[in-house]
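Pasted below: entry.csv, CSV, N, CA and C atoms.
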```csv
chain,number,residue,atom,x,y,z
A,1,MET,N,0.8,-1.2,0.0
A,1,MET,CA,0.0,0.0,0.0
A,1,MET,C,0.9,1.2,0.0
A,2,VAL,N,0.7,2.1,-0.9
A,2,VAL,CA,1.4,3.4,-1.0
A,2,VAL,C,0.4,4.5,-0.8
A,3,LYS,N,0.6,5.3,0.2
A,3,LYS,CA,-0.3,6.5,0.4
A,3,LYS,C,0.6,7.6,0.8
A,4,THR,N,0.3,8.8,0.3
A,4,THR,CA,1.0,10.0,0.7
A,4,THR,C,0.2,10.7,1.8
A,5,LEU,N,0.9,11.0,2.9
A,5,LEU,CA,0.3,11.7,4.0
A,5,LEU,C,1.1,13.0,4.2
A,6,LYS,N,0.3,14.1,4.3
A,6,LYS,CA,1.0,15.4,4.6
A,6,LYS,C,1.1,15.6,6.1
A,7,ALA,N,2.2,16.1,6.5
A,7,ALA,CA,2.4,16.4,7.9
A,7,ALA,C,3.2,17.7,8.0
A,8,ARG,N,3.2,18.3,9.2
A,8,ARG,CA,4.1,19.4,9.5
A,8,ARG,C,4.7,19.2,10.8
A,9,VAL,N,5.8,20.0,11.1
A,9,VAL,CA,6.5,19.9,12.3
A,9,VAL,C,5.9,21.0,13.3
A,10,HIS,N,5.5,20.5,14.5
A,10,HIS,CA,5.0,21.5,15.5
A,10,HIS,C,5.6,21.1,16.8
A,11,ASN,N,6.4,22.0,17.4
A,11,ASN,CA,7.1,21.8,18.6
A,11,ASN,C,8.0,20.5,18.5
A,12,GLY,N,8.7,20.4,17.4
A,12,GLY,CA,9.6,19.2,17.2
A,12,GLY,C,8.9,17.9,17.0
A,13,ARG,N,7.6,17.9,16.8
A,13,ARG,CA,6.9,16.7,16.5
A,13,ARG,C,6.2,16.7,15.2
A,14,LEU,N,6.1,15.6,14.5
A,14,LEU,CA,5.3,15.5,13.2
A,14,LEU,C,3.8,15.4,13.5
A,15,VAL,N,3.1,16.3,12.9
A,15,VAL,CA,1.6,16.3,13.1
A,15,VAL,C,1.0,16.0,11.7
A,16,VAL,N,0.3,14.9,11.6
A,16,VAL,CA,-0.4,14.6,10.3
A,16,VAL,C,-1.6,15.5,10.2
A,17,ASN,N,-1.8,16.1,9.0
A,17,ASN,CA,-2.9,17.0,8.8
A,17,ASN,C,-4.2,16.4,8.3
A,18,GLU,N,-4.3,15.1,8.3
A,18,GLU,CA,-5.5,14.5,7.8
A,18,GLU,C,-5.7,13.2,8.6
A,19,PRO,N,-7.0,12.7,8.7
A,19,PRO,CA,-7.2,11.5,9.4
A,19,PRO,C,-6.7,10.3,8.6
A,20,THR,N,-6.3,9.2,9.2
A,20,THR,CA,-5.9,8.0,8.5
A,20,THR,C,-6.7,6.8,8.9
A,21,GLN,N,-6.6,5.8,8.1
A,21,GLN,CA,-7.2,4.5,8.4
A,21,GLN,C,-6.2,3.5,8.9
A,22,LEU,N,-5.0,4.0,9.2
A,22,LEU,CA,-3.9,3.1,9.6
A,22,LEU,C,-4.2,2.5,11.0
A,23,PRO,N,-3.9,1.2,11.2
A,23,PRO,CA,-4.1,0.6,12.5
A,23,PRO,C,-3.2,1.2,13.5
A,24,GLU,N,-3.6,1.3,14.8
A,24,GLU,CA,-2.9,1.8,15.9
A,24,GLU,C,-1.5,1.0,15.9
A,25,GLY,N,-0.4,1.8,16.1
A,25,GLY,CA,0.9,1.2,16.2
A,25,GLY,C,1.6,1.0,14.9
A,26,THR,N,1.0,1.4,13.8
A,26,THR,CA,1.6,1.3,12.5
A,26,THR,C,2.9,2.1,12.5
A,27,GLU,N,4.0,1.6,12.0
A,27,GLU,CA,5.2,2.3,11.9
A,27,GLU,C,5.3,2.8,10.4
A,28,LEU,N,5.8,4.0,10.3
A,28,LEU,CA,6.0,4.6,8.9
A,28,LEU,C,7.4,5.0,8.7
A,29,ASN,N,7.9,4.9,7.5
A,29,ASN,CA,9.2,5.5,7.1
A,29,ASN,C,8.9,6.8,6.4
A,30,LEU,N,9.5,7.9,6.9
A,30,LEU,CA,9.3,9.2,6.4
A,30,LEU,C,10.4,9.7,5.5
A,31,ILE,N,10.1,10.4,4.5
A,31,ILE,CA,11.1,10.9,3.5
A,31,ILE,C,10.8,12.4,3.4
A,32,ILE,N,11.9,13.2,3.6
A,32,ILE,CA,11.7,14.6,3.4
A,32,ILE,C,11.4,14.9,1.9
A,33,ALA,N,10.3,15.6,1.6
A,33,ALA,CA,9.9,15.8,0.3
A,33,ALA,C,10.9,16.5,-0.6
A,34,ASP,N,11.7,17.5,0.0
A,34,ASP,CA,12.6,18.2,-0.8
A,34,ASP,C,13.8,17.4,-1.3
A,35,ASP,N,14.1,16.3,-0.7
A,35,ASP,CA,15.2,15.5,-1.0
A,35,ASP,C,14.9,14.2,-1.7
A,36,TRP,N,13.7,13.9,-2.0
A,36,TRP,CA,13.4,12.5,-2.5
A,36,TRP,C,13.9,12.3,-3.9
A,37,ASP,N,14.1,13.3,-4.7
A,37,ASP,CA,14.4,13.1,-6.1
A,37,ASP,C,15.9,13.0,-6.4
A,38,GLU,N,16.7,13.4,-5.5
A,38,GLU,CA,18.2,13.3,-5.6
A,38,GLU,C,18.7,14.2,-6.7
A,39,LEU,N,17.9,15.2,-7.2
A,39,LEU,CA,18.4,16.1,-8.2
A,39,LEU,C,19.2,17.2,-7.6
A,40,ASP,N,20.3,17.7,-8.3
A,40,ASP,CA,21.0,18.8,-7.8
A,40,ASP,C,20.2,20.1,-8.3
A,41,ASP,N,20.7,21.3,-7.9
A,41,ASP,CA,20.0,22.5,-8.2
A,41,ASP,C,19.9,22.7,-9.7
A,42,GLU,N,21.0,22.4,-10.4
A,42,GLU,CA,21.0,22.6,-11.9
A,42,GLU,C,20.0,21.6,-12.6
A,43,GLU,N,20.0,20.4,-12.1
A,43,GLU,CA,19.1,19.4,-12.7
A,43,GLU,C,17.6,19.8,-12.4
A,44,ARG,N,17.4,20.3,-11.2
A,44,ARG,CA,16.0,20.7,-10.8
A,44,ARG,C,15.6,21.9,-11.7
A,45,ARG,N,16.5,22.9,-11.9
A,45,ARG,CA,16.2,24.0,-12.7
A,45,ARG,C,15.9,23.6,-14.2
A,46,ARG,N,16.6,22.6,-14.7
A,46,ARG,CA,16.3,22.2,-16.1
A,46,ARG,C,15.0,21.4,-16.1
A,47,LEU,N,14.7,20.7,-15.1
A,47,LEU,CA,13.4,19.9,-15.1
A,47,LEU,C,12.3,20.9,-15.0
A,48,ARG,N,12.4,21.9,-14.2
A,48,ARG,CA,11.3,22.9,-14.1
A,48,ARG,C,11.1,23.7,-15.4
A,49,ALA,N,12.3,24.0,-16.1
A,49,ALA,CA,12.2,24.7,-17.3
A,49,ALA,C,11.5,23.8,-18.4
A,50,ALA,N,11.8,22.5,-18.4
A,50,ALA,CA,11.2,21.6,-19.4
A,50,ALA,C,9.7,21.5,-19.1
A,51,LEU,N,9.4,21.4,-17.8
A,51,LEU,CA,7.9,21.3,-17.5
A,51,LEU,C,7.2,22.6,-17.9
A,52,ALA,N,7.8,23.7,-17.6
A,52,ALA,CA,7.1,25.0,-18.0
A,52,ALA,C,7.0,25.1,-19.5
A,53,GLU,N,8.0,24.6,-20.3
A,53,GLU,CA,7.9,24.6,-21.7
A,53,GLU,C,6.8,23.7,-22.2
A,54,GLY,N,6.7,22.5,-21.5
A,54,GLY,CA,5.6,21.6,-21.9
A,54,GLY,C,4.2,22.1,-21.6
A,55,TRP,N,4.0,22.8,-20.5
A,55,TRP,CA,2.8,23.4,-20.2
A,55,TRP,C,2.4,24.5,-21.2
A,56,ALA,N,3.4,25.3,-21.5
A,56,ALA,CA,3.2,26.4,-22.5
A,56,ALA,C,2.8,25.8,-23.8
A,57,SER,N,3.4,24.7,-24.2
A,57,SER,CA,3.1,24.1,-25.5
A,57,SER,C,1.7,23.5,-25.5
A,58,LEU,N,1.3,22.9,-24.3
A,58,LEU,CA,0.0,22.4,-24.2
A,58,LEU,C,-1.1,23.5,-24.2
A,59,ARG,N,-0.8,24.6,-23.5
A,59,ARG,CA,-1.8,25.8,-23.6
A,59,ARG,C,-1.9,26.3,-25.0
A,60,ALA,N,-0.8,26.3,-25.8
A,60,ALA,CA,-0.8,26.8,-27.1
A,60,ALA,C,-1.6,25.8,-28.1
A,61,GLY,N,-2.0,24.7,-27.6
A,61,GLY,CA,-2.7,23.8,-28.4
A,61,GLY,C,-1.9,22.7,-29.1
A,62,ASP,N,-0.6,22.7,-28.8
A,62,ASP,CA,0.3,21.7,-29.4
A,62,ASP,C,0.2,20.4,-28.6
A,63,ARG,N,-0.7,19.5,-29.1
A,63,ARG,CA,-1.0,18.3,-28.4
A,63,ARG,C,-0.8,17.1,-29.3
A,64,VAL,N,-0.6,15.9,-28.7
A,64,VAL,CA,-0.6,14.6,-29.4
A,64,VAL,C,-1.5,13.7,-28.6
A,65,SER,N,-2.3,13.0,-29.3
A,65,SER,CA,-3.2,12.1,-28.7
A,65,SER,C,-2.5,10.9,-28.0
A,66,ALA,N,-3.1,10.4,-26.9
A,66,ALA,CA,-2.5,9.3,-26.2
A,66,ALA,C,-2.3,8.1,-27.1
A,67,ASP,N,-3.3,7.9,-28.0
A,67,ASP,CA,-3.2,6.7,-28.9
A,67,ASP,C,-2.0,6.9,-29.8
A,68,ASP,N,-1.7,8.1,-30.3
A,68,ASP,CA,-0.5,8.3,-31.1
A,68,ASP,C,0.8,8.0,-30.3
A,69,VAL,N,0.8,8.5,-29.1
A,69,VAL,CA,2.0,8.3,-28.3
A,69,VAL,C,2.2,6.8,-28.0
A,70,ILE,N,1.2,6.1,-27.7
A,70,ILE,CA,1.3,4.6,-27.5
A,70,ILE,C,1.7,3.9,-28.7
A,71,HIS,N,1.1,4.3,-29.9
A,71,HIS,CA,1.5,3.7,-31.1
A,71,HIS,C,3.0,3.9,-31.4
A,72,GLU,N,3.5,5.1,-31.2
A,72,GLU,CA,4.9,5.4,-31.4
A,72,GLU,C,5.8,4.6,-30.5
A,73,LEU,N,5.4,4.5,-29.2
A,73,LEU,CA,6.2,3.7,-28.3
A,73,LEU,C,6.2,2.2,-28.7
A,74,GLU,N,5.2,1.7,-29.2
A,74,GLU,CA,5.1,0.3,-29.6
A,74,GLU,C,6.0,0.0,-30.8
A,75,THR,N,6.3,1.0,-31.6
A,75,THR,CA,7.1,0.8,-32.8
A,75,THR,C,8.6,1.0,-32.5
A,76,ILE,N,9.0,1.4,-31.3
A,76,ILE,CA,10.4,1.6,-30.9
A,76,ILE,C,11.1,0.2,-30.7
```
Could you take the file, read its structure, and then write that structure out as structure tokens?
Amino acid sequence: MVKTLKARVHNGRLVVNEPTQLPEGTELNLIIADDWDELDDEERRRLRAALAEGWASLRAGDRVSADDVIHELETI
């Protein structure tokens, strides 16, 4: 089971901001969200620039259907 829970630090303790259905005593492994991708600052900058370019292209109407993408991937 993979579920993302949001939490914040309050007085040095993690406080989950939403109710959970987890059984009492469940242990969790926490990962700091800022460090999960292992990208350095330059890689993160390039990723954000590529994502911004993709969104701009999408807003401009430059789209490819999912069927076309799947077909192209199948022919590789």
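The closest residue to Asn29 (chain A), picked from A:Leu73, A:Leu5, A:Leu51, A:Val15 and counting only C-alpha atoms, is A:Leu5.
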Pairwise distance for atom N of Thr4 (chain A) and atom C of Glu27 (chain A), rounded to one decimal in Å: 12.8 Å
Gap from CA of Pro19 (chain A) to CA of Ala7 (chain A) - Å, one decimal: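 Spanning CA of Pro19 (chain A) to CA of Ala7 (chain A) is a straight-line distance of 10.9 Å.
Across chain A, DSSP run on the backbone finds alpha helix (DSSP H) at Asp41, Glu42, Glu43, Arg44, Arg45, Arg46, Leu47, Arg48, Ala49, Ala50, Leu51, Ala52, Glu53, Gly54, Trp55, Ala56, Ser57, Leu58, Arg59, Ala66, Asp67, Asp68, Val69, Ile70, His71, Glu72, Leu73 and Glu74 of chain A.
The two atoms in question, atom C of Gly54 (chain A) and atom N of Ala33 (chain A), are spaced 24.9 Å apart.
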Backbone-only DSSP, strand (DSSP E or B) members of chain A, as a ChimeraX atom specification: /A:7-10,13-16
To test the calculation: enclose all listed atoms of region 16-28 of chain A in a box whose edges run along x, y and z, add 3 Å on each side, then state centre and edge lengths in Å to one decimal, as JSON.
```
{"center_x": 0.1, "center_y": 8.8, "center_z": 12.0, "size_x": 20.6, "size_y": 22.4, "size_z": 14.4}
```
